[in-house]
file work25.txt (compact mmCIF, N, CA, C and O atoms)
# COMPACT_ATOMS: atom_id res chain seq x y z
N MET Z 1 4.86 -0.08 -15.12
CA MET Z 1 6.13 -0.69 -15.37
C MET Z 1 5.94 -2.05 -16.05
O MET Z 1 6.59 -2.37 -17.01
N PHE Z 2 5.02 -2.87 -15.53
CA PHE Z 2 4.79 -4.18 -16.10
C PHE Z 2 3.71 -4.16 -17.17
O PHE Z 2 3.46 -5.17 -17.80
N GLY Z 3 3.06 -3.04 -17.38
CA GLY Z 3 1.98 -2.97 -18.35
C GLY Z 3 2.43 -3.31 -19.75
O GLY Z 3 1.73 -3.98 -20.50
N ASN Z 4 3.60 -2.86 -20.13
CA ASN Z 4 4.10 -3.14 -21.47
C ASN Z 4 4.72 -4.53 -21.57
O ASN Z 4 4.76 -5.11 -22.64
N ALA Z 5 5.24 -5.05 -20.47
CA ALA Z 5 5.97 -6.31 -20.49
C ALA Z 5 5.04 -7.52 -20.41
O ALA Z 5 5.35 -8.56 -20.96
N LEU Z 6 3.92 -7.40 -19.72
CA LEU Z 6 3.03 -8.54 -19.53
C LEU Z 6 1.85 -8.47 -20.49
O LEU Z 6 1.08 -7.52 -20.48
N SER Z 7 1.74 -9.48 -21.32
CA SER Z 7 0.58 -9.56 -22.21
C SER Z 7 -0.40 -10.58 -21.64
O SER Z 7 -0.20 -11.11 -20.55
N GLY Z 8 -1.44 -10.87 -22.36
CA GLY Z 8 -2.45 -11.81 -21.89
C GLY Z 8 -1.90 -13.20 -21.67
O GLY Z 8 -2.22 -13.88 -20.71
N TRP Z 9 -1.03 -13.66 -22.60
CA TRP Z 9 -0.45 -14.99 -22.46
C TRP Z 9 0.46 -15.10 -21.26
O TRP Z 9 0.52 -16.12 -20.58
N HIS Z 10 1.18 -14.04 -20.97
CA HIS Z 10 2.05 -14.05 -19.80
C HIS Z 10 1.23 -14.22 -18.52
O HIS Z 10 1.62 -14.96 -17.61
N LEU Z 11 0.12 -13.54 -18.45
CA LEU Z 11 -0.74 -13.64 -17.26
C LEU Z 11 -1.34 -15.03 -17.13
O LEU Z 11 -1.44 -15.57 -16.02
N VAL Z 12 -1.73 -15.64 -18.25
CA VAL Z 12 -2.28 -16.98 -18.21
C VAL Z 12 -1.23 -17.98 -17.71
O VAL Z 12 -1.51 -18.82 -16.84
N ILE Z 13 -0.04 -17.87 -18.23
CA ILE Z 13 1.04 -18.77 -17.80
C ILE Z 13 1.35 -18.55 -16.33
O ILE Z 13 1.56 -19.51 -15.58
N LEU Z 14 1.37 -17.31 -15.90
CA LEU Z 14 1.63 -16.99 -14.49
C LEU Z 14 0.55 -17.59 -13.59
O LEU Z 14 0.86 -18.17 -12.54
N LEU Z 15 -0.70 -17.51 -13.98
CA LEU Z 15 -1.79 -18.09 -13.20
C LEU Z 15 -1.70 -19.61 -13.13
O LEU Z 15 -1.96 -20.21 -12.08
N VAL Z 16 -1.30 -20.25 -14.23
CA VAL Z 16 -1.13 -21.70 -14.23
C VAL Z 16 0.00 -22.12 -13.30
O VAL Z 16 -0.14 -23.08 -12.53
N VAL Z 17 1.09 -21.39 -13.31
CA VAL Z 17 2.21 -21.70 -12.43
C VAL Z 17 1.80 -21.53 -10.97
O VAL Z 17 2.12 -22.38 -10.12
N ILE Z 18 1.08 -20.48 -10.65
CA ILE Z 18 0.60 -20.26 -9.28
C ILE Z 18 -0.34 -21.39 -8.87
O ILE Z 18 -0.26 -21.90 -7.75
N LEU Z 19 -1.21 -21.80 -9.76
CA LEU Z 19 -2.13 -22.90 -9.47
C LEU Z 19 -1.37 -24.19 -9.21
O LEU Z 19 -1.71 -24.95 -8.29
N LEU Z 20 -0.32 -24.45 -9.99
CA LEU Z 20 0.47 -25.66 -9.78
C LEU Z 20 1.26 -25.61 -8.48
O LEU Z 20 1.41 -26.62 -7.79
N LEU Z 21 1.77 -24.43 -8.12
CA LEU Z 21 2.57 -24.31 -6.90
C LEU Z 21 1.73 -24.44 -5.63
O LEU Z 21 2.13 -25.10 -4.67
N PHE Z 22 0.61 -23.75 -5.59
CA PHE Z 22 -0.18 -23.67 -4.37
C PHE Z 22 -1.34 -24.65 -4.33
O PHE Z 22 -1.82 -24.99 -3.26
N GLY Z 23 -1.81 -25.09 -5.45
CA GLY Z 23 -2.95 -26.00 -5.48
C GLY Z 23 -4.26 -25.25 -5.36
O GLY Z 23 -4.34 -24.18 -4.76
N ALA Z 24 -5.30 -25.83 -5.93
CA ALA Z 24 -6.62 -25.18 -5.96
C ALA Z 24 -7.22 -24.98 -4.57
O ALA Z 24 -7.82 -23.93 -4.31
N PRO Z 25 -7.10 -25.92 -3.64
CA PRO Z 25 -7.72 -25.70 -2.32
C PRO Z 25 -7.11 -24.55 -1.52
O PRO Z 25 -7.79 -23.94 -0.71
N LYS Z 26 -5.85 -24.24 -1.74
CA LYS Z 26 -5.20 -23.20 -0.96
C LYS Z 26 -5.37 -21.80 -1.54
O LYS Z 26 -5.10 -20.82 -0.86
N LEU Z 27 -5.80 -21.69 -2.78
CA LEU Z 27 -5.90 -20.38 -3.42
C LEU Z 27 -6.89 -19.43 -2.76
O LEU Z 27 -6.58 -18.25 -2.59
N PRO Z 28 -8.09 -19.86 -2.33
CA PRO Z 28 -8.98 -18.91 -1.65
C PRO Z 28 -8.39 -18.35 -0.36
O PRO Z 28 -8.51 -17.16 -0.07
N GLY Z 29 -7.73 -19.19 0.41
CA GLY Z 29 -7.09 -18.71 1.64
C GLY Z 29 -5.96 -17.75 1.34
O GLY Z 29 -5.76 -16.76 2.06
N LEU Z 30 -5.21 -18.03 0.29
CA LEU Z 30 -4.12 -17.15 -0.12
C LEU Z 30 -4.66 -15.79 -0.55
O LEU Z 30 -4.13 -14.75 -0.17
N ALA Z 31 -5.73 -15.79 -1.32
CA ALA Z 31 -6.34 -14.54 -1.77
C ALA Z 31 -6.92 -13.76 -0.59
O ALA Z 31 -6.81 -12.53 -0.53
N ARG Z 32 -7.51 -14.46 0.37
CA ARG Z 32 -8.08 -13.82 1.55
C ARG Z 32 -6.99 -13.14 2.37
O ARG Z 32 -7.12 -11.99 2.80
N SER Z 33 -5.88 -13.84 2.59
CA SER Z 33 -4.80 -13.25 3.38
C SER Z 33 -4.14 -12.09 2.64
O SER Z 33 -3.75 -11.11 3.26
N LEU Z 34 -4.07 -12.18 1.32
CA LEU Z 34 -3.53 -11.07 0.54
C LEU Z 34 -4.44 -9.85 0.65
O LEU Z 34 -3.97 -8.72 0.82
N GLY Z 35 -5.75 -10.06 0.61
CA GLY Z 35 -6.70 -8.96 0.76
C GLY Z 35 -6.62 -8.31 2.13
O GLY Z 35 -6.66 -7.08 2.25
N GLN Z 36 -6.48 -9.11 3.17
CA GLN Z 36 -6.35 -8.56 4.52
C GLN Z 36 -5.05 -7.77 4.65
O GLN Z 36 -5.04 -6.69 5.27
N SER Z 37 -3.98 -8.27 4.07
CA SER Z 37 -2.71 -7.56 4.13
C SER Z 37 -2.80 -6.22 3.41
O SER Z 37 -2.28 -5.21 3.90
N MET Z 38 -3.46 -6.20 2.27
CA MET Z 38 -3.62 -4.94 1.53
C MET Z 38 -4.48 -3.95 2.31
O MET Z 38 -4.20 -2.76 2.31
N ARG Z 39 -5.53 -4.45 2.97
CA ARG Z 39 -6.37 -3.58 3.78
C ARG Z 39 -5.57 -2.95 4.92
O ARG Z 39 -5.69 -1.74 5.18
N ILE Z 40 -4.76 -3.74 5.59
CA ILE Z 40 -3.94 -3.23 6.69
C ILE Z 40 -2.94 -2.21 6.15
O ILE Z 40 -2.74 -1.15 6.75
N PHE Z 41 -2.31 -2.52 5.03
CA PHE Z 41 -1.33 -1.62 4.44
C PHE Z 41 -1.97 -0.28 4.08
O PHE Z 41 -1.42 0.78 4.38
N ARG Z 42 -3.15 -0.32 3.46
CA ARG Z 42 -3.84 0.93 3.09
C ARG Z 42 -4.20 1.75 4.32
O ARG Z 42 -4.06 2.98 4.32
N SER Z 43 -4.66 1.10 5.38
CA SER Z 43 -5.04 1.85 6.58
C SER Z 43 -3.81 2.47 7.23
O SER Z 43 -3.88 3.60 7.73
N GLU Z 44 -2.67 1.77 7.20
CA GLU Z 44 -1.44 2.33 7.77
C GLU Z 44 -0.95 3.52 6.95
O GLU Z 44 -0.52 4.53 7.50
N VAL Z 45 -1.03 3.43 5.64
CA VAL Z 45 -0.62 4.54 4.78
C VAL Z 45 -1.53 5.73 5.01
O VAL Z 45 -1.07 6.88 5.10
N LYS Z 46 -2.82 5.49 5.15
CA LYS Z 46 -3.77 6.58 5.40
C LYS Z 46 -3.48 7.24 6.74
O LYS Z 46 -3.51 8.46 6.86
N THR Z 47 -3.17 6.44 7.75
CA THR Z 47 -2.84 6.98 9.07
C THR Z 47 -1.59 7.84 8.99
O THR Z 47 -1.54 8.93 9.58
N MET Z 48 -0.58 7.37 8.27
CA MET Z 48 0.65 8.15 8.14
C MET Z 48 0.39 9.46 7.41
O MET Z 48 0.92 10.51 7.78
N LYS Z 49 -0.45 9.43 6.36
CA LYS Z 49 -0.78 10.66 5.64
C LYS Z 49 -1.53 11.64 6.53
O LYS Z 49 -1.28 12.84 6.50
N ASP Z 50 -2.47 11.12 7.34
CA ASP Z 50 -3.22 11.97 8.25
C ASP Z 50 -2.31 12.60 9.30
O ASP Z 50 -2.45 13.77 9.65
N GLU Z 51 -1.36 11.82 9.81
CA GLU Z 51 -0.42 12.35 10.80
C GLU Z 51 0.46 13.43 10.19
O GLU Z 51 0.71 14.46 10.80
N ASN Z 52 0.92 13.20 8.95
CA ASN Z 52 1.77 14.19 8.29
C ASN Z 52 0.99 15.46 7.98
O ASN Z 52 1.52 16.56 8.12
N SER Z 53 -0.26 15.33 7.57
CA SER Z 53 -1.03 16.53 7.25
C SER Z 53 -1.42 17.30 8.50
O SER Z 53 -1.52 18.51 8.48
N SER Z 54 -1.60 16.60 9.62
CA SER Z 54 -1.93 17.31 10.86
C SER Z 54 -0.69 17.98 11.44
O SER Z 54 -0.79 19.00 12.11
N ASP Z 55 0.50 17.45 11.18
CA ASP Z 55 1.74 18.07 11.66
C ASP Z 55 2.12 19.27 10.82
O ASP Z 55 2.69 20.23 11.33
N ALA Z 56 1.84 19.26 9.55
CA ALA Z 56 2.27 20.32 8.64
C ALA Z 56 1.70 21.69 8.99
O ALA Z 56 2.45 22.65 9.06
N PRO Z 57 0.39 21.85 9.26
CA PRO Z 57 -0.11 23.19 9.60
C PRO Z 57 0.50 23.74 10.88
O PRO Z 57 0.73 24.92 10.99
N ALA Z 58 0.79 22.91 11.86
CA ALA Z 58 1.38 23.38 13.11
C ALA Z 58 2.78 23.93 12.85
O ALA Z 58 3.18 24.95 13.41
N ASP Z 59 3.55 23.29 11.98
CA ASP Z 59 4.89 23.75 11.67
C ASP Z 59 4.86 25.04 10.86
O ASP Z 59 5.65 25.95 11.11
N THR Z 60 3.96 25.17 9.92
CA THR Z 60 3.90 26.37 9.09
C THR Z 60 3.40 27.57 9.88
O THR Z 60 3.81 28.68 9.63
N SER Z 61 2.53 27.35 10.85
CA SER Z 61 2.04 28.48 11.64
C SER Z 61 3.15 29.02 12.52
O SER Z 61 3.23 30.22 12.76
N ALA Z 62 4.05 28.20 13.00
CA ALA Z 62 5.16 28.66 13.80
C ALA Z 62 6.14 29.45 12.94
O ALA Z 62 6.74 30.42 13.37
N ASP Z 63 6.30 29.05 11.67
CA ASP Z 63 7.20 29.74 10.76
C ASP Z 63 6.64 31.10 10.35
O ASP Z 63 7.39 32.04 10.14
N SER Z 64 5.33 31.21 10.24
CA SER Z 64 4.74 32.47 9.80
C SER Z 64 4.84 33.55 10.88
O SER Z 64 4.83 34.72 10.59
N ASN Z 65 4.96 33.17 12.14
CA ASN Z 65 5.09 34.12 13.24
C ASN Z 65 6.56 34.20 13.67
O ASN Z 65 6.88 34.12 14.84
N SER Z 66 7.45 34.40 12.75
CA SER Z 66 8.87 34.45 13.07
C SER Z 66 9.25 35.75 13.75
O SER Z 66 10.35 35.88 14.25
N ASP Z 67 8.36 36.77 13.81
CA ASP Z 67 8.65 38.03 14.48
C ASP Z 67 8.71 37.85 15.98
O ASP Z 67 9.49 38.50 16.66
N THR Z 68 7.88 36.96 16.50
CA THR Z 68 7.83 36.77 17.95
C THR Z 68 8.72 35.58 18.33
O THR Z 68 8.78 34.60 17.61
N PRO Z 69 9.41 35.69 19.43
CA PRO Z 69 10.25 34.57 19.85
C PRO Z 69 9.41 33.41 20.32
O PRO Z 69 8.28 33.60 20.82
N PRO Z 70 9.89 32.19 20.19
CA PRO Z 70 9.12 31.03 20.63
C PRO Z 70 8.99 30.98 22.14
O PRO Z 70 9.88 31.42 22.86
N LYS Z 71 7.87 30.48 22.61
CA LYS Z 71 7.65 30.36 24.05
C LYS Z 71 8.36 29.13 24.58
O LYS Z 71 8.35 28.09 23.92
N PRO Z 72 8.96 29.23 25.77
CA PRO Z 72 9.65 28.05 26.33
C PRO Z 72 8.72 26.99 26.83
O PRO Z 72 7.62 27.12 27.12

call {"tool": "encode", "arguments": {"input": "work25.txt", "output": "structure tokens"}}
result
Amino acid sequence: MFGNALSGWHLVILLVVILLLFGAPKLPGLARSLGQSMRIFRSEVKTMKDENSSDAPADTSADSNSDTPPKP
């Protein structure tokens, strides 16, 4: 989406504005916290995908045996 809109100069200007807003000493901490947040987000997405994939075969196996009534 932003690939066509952002050129090299746009990125340079964006980096300068970020540097002015946060200051050089705070940038490593900001990058570290961003990396930790992305790691947590990826692990949560992976967990959700694993839960969905483990639920899917159980549901399809019940549908394939529609001849027999479900057990209470």

call {"tool": "atom_distance", "arguments": {"input": "work25.txt", "atom1": "atom N of Z:Ala31", "atom2": "atom O of Z:Ile18"}}
result
10.4 Å

call {"tool": "residues_near_point", "arguments": {"input": "work25.txt", "point": "(-4.2, -14.9, -9.0)", "cutoff": "12 Å", "atoms": "only C-alpha atoms", "output": "JSON, numbers by chain"}}
result
{"Z": [11, 12, 13, 14, 15, 16, 17, 18, 19, 20, 21, 22, 23, 24, 26, 27, 28, 29, 30, 31, 32, 34, 35]}

call {"tool": "atom_distance", "arguments": {"input": "work25.txt", "atom1": "atom C of Z:Ser33", "atom2": "atom N of Z:Val45"}}
result
16.1 Å

call {"tool": "atom_distance", "arguments": {"input": "work25.txt", "atom1": "atom N of Z:Asn52", "atom2": "atom O of Z:Ile40"}}
result
15.0 Å

call {"tool": "axis_aligned_box", "arguments": {"input": "work25.txt", "around": "stretch 42-52 of chain Z", "padding_each_side": "5 Å", "output": "JSON"}}
result
{"center_x": -1.6, "center_y": 8.1, "center_z": 6.9, "size_x": 16.8, "size_y": 26.9, "size_z": 17.7}
